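Single-structure report; data block below.
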Amino acid sequence: MGFEPTVTVRPHTLSKRAESAALASLQGATLGWVPGDKGIVAPHPFWSVAVGSCATGTREPGQGRKAAALSGTPGVPQTTWPPRSRTGVARPAPIVAVMDDEALMGIALDEARLAAAAGEVPIGAVVVLEGEVVARRHNEREATGDPTAHAEVLALRDAAEAVGSWRLDGATLVVTLEPCPMCAGAAWASRIGRVVSGAPNMDAGSLGSLYHLGADPRLNHEFPVSHGVRSDECAALLVDFFAERR
(Lines give C-alpha, C1' and ligand atoms only; values in the text may rest on other atoms or scores of the structure.)
Protein backbone atom coordinates (compact mmCIF):
# COMPACT_ATOMS: atom_id res chain seq x y z
CA MET A 1 0.00 0.00 0.00
CA GLY A 2 1.50 3.31 -1.05
CA PHE A 3 2.05 6.28 1.27
CA GLU A 4 -0.49 9.10 0.85
CA PRO A 5 0.66 12.39 2.48
CA THR A 6 -2.33 14.18 3.97
CA VAL A 7 -3.37 17.41 5.63
CA THR A 8 -6.25 17.72 8.03
CA VAL A 9 -8.61 20.72 7.90
CA ARG A 10 -10.70 20.81 11.02
CA PRO A 11 -14.18 22.27 10.48
CA HIS A 12 -14.25 24.15 13.78
CA THR A 13 -11.18 26.20 12.79
CA LEU A 14 -12.68 27.67 9.58
CA SER A 15 -15.79 29.58 8.68
CA LYS A 16 -18.14 27.96 6.18
CA ARG A 17 -16.93 30.31 3.42
CA ALA A 18 -13.23 29.68 4.24
CA GLU A 19 -13.87 25.95 4.39
CA SER A 20 -15.53 25.96 1.00
CA ALA A 21 -12.61 27.93 -0.48
CA ALA A 22 -10.11 25.49 1.02
CA LEU A 23 -11.94 22.54 -0.42
CA ALA A 24 -12.27 24.20 -3.82
CA SER A 25 -8.47 24.69 -3.93
CA LEU A 26 -8.00 20.97 -3.57
CA GLN A 27 -9.70 20.09 -6.87
CA GLY A 28 -9.06 16.55 -7.92
CA ALA A 29 -8.22 15.42 -4.38
CA THR A 30 -9.90 12.32 -3.07
CA LEU A 31 -11.57 13.16 0.21
CA GLY A 32 -12.00 10.71 3.04
CA TRP A 33 -12.21 10.45 6.77
CA VAL A 34 -9.53 9.72 9.33
CA PRO A 35 -10.70 6.88 11.57
CA GLY A 36 -11.46 8.21 15.02
CA ASP A 37 -11.16 11.86 13.92
CA LYS A 38 -13.67 14.40 12.65
CA GLY A 39 -11.36 16.26 10.32
CA ILE A 40 -11.56 16.41 6.53
CA VAL A 41 -8.57 14.72 4.96
CA ALA A 42 -6.99 15.52 1.58
CA PRO A 43 -3.57 14.99 -0.06
CA HIS A 44 -1.04 17.72 0.75
CA PRO A 45 -0.95 20.33 -2.08
CA PHE A 46 2.81 20.87 -1.76
CA TRP A 47 3.87 17.21 -1.97
CA SER A 48 6.26 17.95 -4.88
CA VAL A 49 8.46 20.45 -3.04
CA ALA A 50 11.90 19.29 -1.80
CA VAL A 51 12.68 19.88 1.86
CA GLY A 52 15.83 21.39 3.34
CA SER A 53 16.77 23.40 0.26
CA CYS A 54 15.33 25.96 -2.13
CA ALA A 55 14.92 23.35 -4.86
CA THR A 56 11.61 22.25 -6.32
CA GLY A 57 10.75 18.91 -7.79
CA THR A 58 9.82 15.54 -6.45
CA ARG A 59 10.60 14.67 -2.88
CA GLU A 60 10.30 11.70 -0.64
CA PRO A 61 6.97 11.27 1.18
CA GLY A 62 6.98 12.54 4.73
CA GLN A 63 9.17 15.60 4.09
CA GLY A 64 7.79 18.90 5.30
CA ARG A 65 7.00 22.24 3.68
CA LYS A 66 10.00 24.32 4.71
CA ALA A 67 11.37 24.56 1.18
CA ALA A 68 7.94 25.46 -0.20
CA ALA A 69 8.23 28.84 1.46
CA LEU A 70 11.61 29.39 -0.20
CA SER A 71 10.95 27.88 -3.61
CA GLY A 72 8.94 30.50 -5.46
CA THR A 73 6.06 28.06 -5.94
CA PRO A 74 2.92 29.99 -7.02
CA GLY A 75 0.32 30.18 -4.29
CA VAL A 76 2.77 29.47 -1.50
CA PRO A 77 3.52 32.31 0.97
CA GLN A 78 7.20 33.04 0.42
CA THR A 79 9.93 33.47 3.02
CA THR A 80 13.00 35.65 2.37
CA TRP A 81 16.51 34.67 3.43
CA PRO A 82 18.33 36.03 5.32
CA PRO A 83 15.36 36.96 7.52
CA ARG A 84 14.44 40.61 7.73
CA SER A 85 13.69 42.69 10.76
CA ARG A 86 10.41 44.50 11.18
CA THR A 87 12.01 47.52 9.58
CA GLY A 88 12.77 45.52 6.47
CA VAL A 89 16.56 45.45 6.95
CA ALA A 90 18.29 42.14 6.32
CA ARG A 91 19.90 40.52 9.33
CA PRO A 92 22.81 38.37 8.17
CA ALA A 93 24.42 36.02 10.64
CA PRO A 94 27.36 37.57 12.51
CA ILE A 95 30.84 36.78 11.18
CA VAL A 96 33.18 35.69 13.94
CA ALA A 97 36.90 35.71 13.23
CA VAL A 98 38.69 33.25 15.48
CA MET A 99 42.38 34.07 16.09
CA ASP A 100 44.85 31.53 17.35
CA ASP A 101 47.72 32.21 19.75
CA GLU A 102 50.14 33.12 16.96
CA ALA A 103 47.75 35.68 15.47
CA LEU A 104 47.15 37.21 18.90
CA MET A 105 50.89 37.33 19.52
CA GLY A 106 51.14 39.23 16.26
CA ILE A 107 48.98 41.97 17.80
CA ALA A 108 51.17 41.99 20.91
CA LEU A 109 54.25 42.28 18.66
CA ASP A 110 52.69 45.31 16.95
CA GLU A 111 52.32 46.89 20.38
CA ALA A 112 55.94 46.05 21.21
CA ARG A 113 57.11 47.79 18.02
CA LEU A 114 55.14 50.88 19.04
CA ALA A 115 56.96 50.79 22.36
CA ALA A 116 60.35 50.59 20.65
CA ALA A 117 59.47 53.53 18.39
CA ALA A 118 58.65 55.55 21.52
CA GLY A 119 61.91 54.63 23.23
CA GLU A 120 60.28 52.11 25.55
CA VAL A 121 61.44 48.54 26.12
CA PRO A 122 59.59 46.66 23.34
CA ILE A 123 57.08 44.55 25.20
CA GLY A 124 53.44 44.35 24.15
CA ALA A 125 50.41 42.71 25.71
CA VAL A 126 46.88 41.82 24.63
CA VAL A 127 43.85 40.66 26.62
CA VAL A 128 41.27 38.54 24.81
CA LEU A 129 37.83 37.65 26.12
CA GLU A 130 35.39 35.40 24.24
CA GLY A 131 37.34 35.84 21.03
CA GLU A 132 37.41 39.64 21.26
CA VAL A 133 40.49 41.76 21.93
CA VAL A 134 39.37 43.95 24.83
CA ALA A 135 42.75 45.56 25.59
CA ARG A 136 46.16 46.01 23.96
CA ARG A 137 49.05 47.98 25.48
CA HIS A 138 52.82 48.33 25.52
CA ASN A 139 55.39 49.45 28.07
CA GLU A 140 55.07 53.11 29.10
CA ARG A 141 57.48 53.47 32.00
CA GLU A 142 59.57 56.16 30.31
CA ALA A 143 56.57 58.18 29.13
CA THR A 144 54.75 58.08 32.47
CA GLY A 145 57.61 57.78 34.96
CA ASP A 146 55.57 54.99 36.54
CA PRO A 147 57.60 51.91 37.51
CA THR A 148 54.47 49.75 37.32
CA ALA A 149 53.57 50.79 33.76
CA HIS A 150 54.43 47.43 32.24
CA ALA A 151 52.46 46.29 29.22
CA GLU A 152 50.70 43.49 31.12
CA VAL A 153 49.57 45.69 34.01
CA LEU A 154 48.26 48.40 31.67
CA ALA A 155 46.43 45.83 29.50
CA LEU A 156 44.84 44.16 32.53
CA ARG A 157 43.66 47.52 33.84
CA ASP A 158 42.11 48.41 30.48
CA ALA A 159 40.48 44.99 30.19
CA ALA A 160 38.92 45.26 33.65
CA GLU A 161 37.53 48.66 32.74
CA ALA A 162 36.21 47.36 29.41
CA VAL A 163 34.31 44.43 30.95
CA GLY A 164 33.27 46.28 34.09
CA SER A 165 34.87 43.84 36.53
CA TRP A 166 38.29 43.17 38.02
CA ARG A 167 37.66 39.46 37.55
CA LEU A 168 39.02 38.30 34.20
CA ASP A 169 38.62 34.58 34.79
CA GLY A 170 37.45 33.93 31.23
CA ALA A 171 40.20 35.99 29.59
CA THR A 172 43.60 35.24 28.07
CA LEU A 173 46.63 37.47 28.52
CA VAL A 174 49.07 37.37 25.58
CA VAL A 175 52.48 39.00 26.13
CA THR A 176 55.70 39.08 24.15
CA LEU A 177 57.98 38.45 27.17
CA GLU A 178 57.37 36.11 30.07
CA PRO A 179 55.95 38.29 32.87
CA CYS A 180 58.02 39.49 35.80
CA PRO A 181 56.89 38.89 39.42
CA MET A 182 54.78 42.07 39.42
CA CYS A 183 52.98 41.24 36.17
CA ALA A 184 52.53 37.57 37.01
CA GLY A 185 51.07 38.73 40.33
CA ALA A 186 48.73 41.09 38.48
CA ALA A 187 47.58 38.18 36.31
CA TRP A 188 46.96 36.14 39.46
CA ALA A 189 45.09 39.04 41.10
CA SER A 190 42.81 39.39 38.06
CA ARG A 191 41.93 35.67 38.22
CA ILE A 192 43.09 35.44 34.61
CA GLY A 193 41.99 32.32 32.76
CA ARG A 194 45.18 31.74 30.79
CA VAL A 195 48.50 33.36 29.81
CA VAL A 196 50.38 33.06 26.51
CA SER A 197 53.99 34.26 26.48
CA GLY A 198 56.61 34.72 23.79
CA ALA A 199 60.28 34.99 24.74
CA PRO A 200 61.47 33.52 28.05
CA ASN A 201 62.61 35.94 30.74
CA MET A 202 65.72 34.53 32.38
CA ASP A 203 66.21 37.65 34.51
CA ALA A 204 62.80 37.86 36.17
CA GLY A 205 60.44 35.34 34.55
CA SER A 206 57.74 34.35 36.99
CA LEU A 207 55.61 31.98 34.97
CA GLY A 208 58.10 29.19 34.57
CA SER A 209 61.68 30.43 34.25
CA LEU A 210 62.52 31.47 37.82
CA TYR A 211 59.18 31.13 39.59
CA HIS A 212 55.74 29.95 38.51
CA LEU A 213 53.00 32.00 40.13
CA GLY A 214 50.46 30.41 37.80
CA ALA A 215 51.08 26.91 39.16
CA ASP A 216 51.71 27.34 42.85
CA PRO A 217 49.28 25.29 44.95
CA ARG A 218 49.89 27.57 47.91
CA LEU A 219 48.03 30.35 46.08
CA ASN A 220 44.24 30.49 45.81
CA HIS A 221 44.22 30.75 42.02
CA GLU A 222 46.18 28.90 39.35
CA PHE A 223 46.10 29.25 35.57
CA PRO A 224 47.65 27.50 32.55
CA VAL A 225 50.50 29.09 30.63
CA SER A 226 51.55 28.51 27.01
CA HIS A 227 55.21 29.36 26.42
CA GLY A 228 57.31 30.14 23.37
CA VAL A 229 54.71 31.48 20.94
CA ARG A 230 56.66 33.32 18.20
CA SER A 231 59.52 33.37 20.66
CA ASP A 232 62.23 34.23 18.12
CA GLU A 233 60.41 37.33 16.88
CA CYS A 234 59.71 38.52 20.41
CA ALA A 235 63.33 38.03 21.47
CA ALA A 236 64.70 39.71 18.31
CA LEU A 237 62.84 42.92 19.13
CA LEU A 238 64.47 43.06 22.55
CA VAL A 239 67.94 42.17 21.27
CA ASP A 240 67.82 44.79 18.53
CA PHE A 241 66.45 47.43 20.90
CA PHE A 242 69.25 47.05 23.45
CA ALA A 243 71.94 46.60 20.77
CA GLU A 244 71.13 50.04 19.40
CA ARG A 245 71.59 51.58 22.84
CA ARG A 246 75.00 50.10 23.62
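To be explicit about the labels: the chains of the C-alpha coordinates are called A, B, and onward in the order shown, and within each one the residues are counted from 1, while ligands get numbers from 1 in the order they are shown.
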Original post:
Where does DSSP see strand (DSSP E) in region 155-226 of chain A, if you list the residues as a ChimeraX atom specification?
Top reply: /A:171-177,194-199,225-226
**OP:** Pick out the residues sitting within 12 Å of region 110-112 of chain A, and hand them over as a VMD selection string; count only C-alpha atoms, and ignore anything fewer than 2 positions along from it in its own chain.
**Re:** chain A and resid 103 to 108 114 to 126 135 to 140 150 to 152 155 174 to 177 198 233 to 238 241
Ser226 (chain A) surroundings by only C-alpha atoms, 12 Å radius, close-in-sequence under 3 positions cut, as a CSV table (one decimal) with N, CA, C and O atoms, in the first residue's frame:
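That gives us around.csv:
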chain,number,residue,atom,x,y,z
A,101,ASP,N,46.7,31.6,18.9
A,101,ASP,CA,47.7,32.2,19.7
A,101,ASP,C,48.7,33.0,18.9
A,101,ASP,O,49.2,34.1,19.3
A,102,GLU,N,49.1,32.4,17.8
A,102,GLU,CA,50.1,33.1,17.0
A,102,GLU,C,49.6,34.4,16.4
A,102,GLU,O,50.3,35.4,16.3
A,105,MET,N,49.5,36.9,19.2
A,105,MET,CA,50.9,37.3,19.5
A,105,MET,C,51.3,38.4,18.5
A,105,MET,O,52.1,39.3,18.8
A,172,THR,N,42.2,35.7,28.3
A,172,THR,CA,43.6,35.2,28.1
A,172,THR,C,44.5,36.5,27.9
A,172,THR,O,44.2,37.4,27.2
A,173,LEU,N,45.6,36.4,28.6
A,173,LEU,CA,46.6,37.5,28.5
A,173,LEU,C,47.7,37.0,27.6
A,173,LEU,O,48.3,35.9,27.8
A,174,VAL,N,48.0,37.7,26.5
A,174,VAL,CA,49.1,37.4,25.6
A,174,VAL,C,50.2,38.4,25.7
A,174,VAL,O,49.9,39.6,25.5
A,175,VAL,N,51.4,38.0,25.9
A,175,VAL,CA,52.5,39.0,26.1
A,175,VAL,C,53.8,38.5,25.5
A,175,VAL,O,54.0,37.3,25.4
A,176,THR,N,54.5,39.4,24.9
A,176,THR,CA,55.7,39.1,24.1
A,176,THR,C,56.9,38.6,25.0
A,176,THR,O,57.8,37.9,24.5
A,177,LEU,N,56.9,38.9,26.3
A,177,LEU,CA,58.0,38.4,27.2
A,177,LEU,C,57.3,37.8,28.4
A,177,LEU,O,56.4,38.4,28.9
A,178,GLU,N,57.9,36.7,28.9
A,178,GLU,CA,57.4,36.1,30.1
A,178,GLU,C,57.3,37.1,31.2
A,178,GLU,O,58.2,37.9,31.5
A,193,GLY,N,42.3,33.7,33.1
A,193,GLY,CA,42.0,32.3,32.8
A,193,GLY,C,43.2,31.6,32.2
A,193,GLY,O,43.3,30.4,32.3
A,194,ARG,N,44.0,32.4,31.5
A,194,ARG,CA,45.2,31.7,30.8
A,194,ARG,C,46.2,32.8,30.4
A,194,ARG,O,45.8,34.0,30.2
A,195,VAL,N,47.5,32.4,30.3
A,195,VAL,CA,48.5,33.4,29.8
A,195,VAL,C,49.3,32.7,28.7
A,195,VAL,O,49.6,31.5,28.7
A,196,VAL,N,49.6,33.5,27.6
A,196,VAL,CA,50.4,33.1,26.5
A,196,VAL,C,51.6,34.0,26.5
A,196,VAL,O,51.4,35.2,26.4
A,197,SER,N,52.8,33.4,26.5
A,197,SER,CA,54.0,34.3,26.5
A,197,SER,C,54.9,33.9,25.3
A,197,SER,O,54.8,32.8,24.8
A,198,GLY,N,55.7,34.9,24.9
A,198,GLY,CA,56.6,34.7,23.8
A,198,GLY,C,58.0,34.3,24.2
A,198,GLY,O,58.3,33.1,24.5
A,199,ALA,N,58.9,35.3,24.4
A,199,ALA,CA,60.3,35.0,24.7
A,199,ALA,C,60.4,34.7,26.2
A,199,ALA,O,59.7,35.3,27.0
A,200,PRO,N,61.3,33.8,26.6
A,200,PRO,CA,61.5,33.5,28.0
A,200,PRO,C,62.2,34.7,28.7
A,200,PRO,O,62.9,35.4,28.0
A,207,LEU,N,56.6,33.0,35.4
A,207,LEU,CA,55.6,32.0,35.0
A,207,LEU,C,56.3,30.8,34.4
A,207,LEU,O,55.9,30.2,33.4
A,208,GLY,N,57.4,30.4,35.0
A,208,GLY,CA,58.1,29.2,34.6
A,208,GLY,C,59.6,29.2,34.6
A,208,GLY,O,60.3,28.2,34.9
A,214,GLY,N,51.7,31.0,38.4
A,214,GLY,CA,50.5,30.4,37.8
A,214,GLY,C,50.2,29.0,38.2
A,214,GLY,O,49.1,28.4,38.0
A,223,PHE,N,46.5,29.1,37.0
A,223,PHE,CA,46.1,29.2,35.6
A,223,PHE,C,47.1,28.6,34.6
A,223,PHE,O,48.3,28.6,34.9
A,229,VAL,N,55.4,31.1,22.2
A,229,VAL,CA,54.7,31.5,20.9
A,229,VAL,C,55.4,32.6,20.2
A,229,VAL,O,55.6,33.7,20.8
A,230,ARG,N,55.9,32.4,19.0
A,230,ARG,CA,56.7,33.3,18.2
A,230,ARG,C,57.8,33.9,19.0
A,230,ARG,O,58.1,35.1,19.0
A,231,SER,N,58.5,33.0,19.7
A,231,SER,CA,59.5,33.4,20.7
A,231,SER,C,60.7,34.1,20.0
A,231,SER,O,61.2,35.1,20.5
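Here CA of Met182 (chain A) is placed at a distance of 22.0 Å from CA of Leu129 (chain A).
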Subject >> Counting only C-alpha atoms, the residue of A:Ala184, A:Ile192, A:Val127, A:Met202 that sits nearest Asp158 (chain A) >> reply: A:Val127
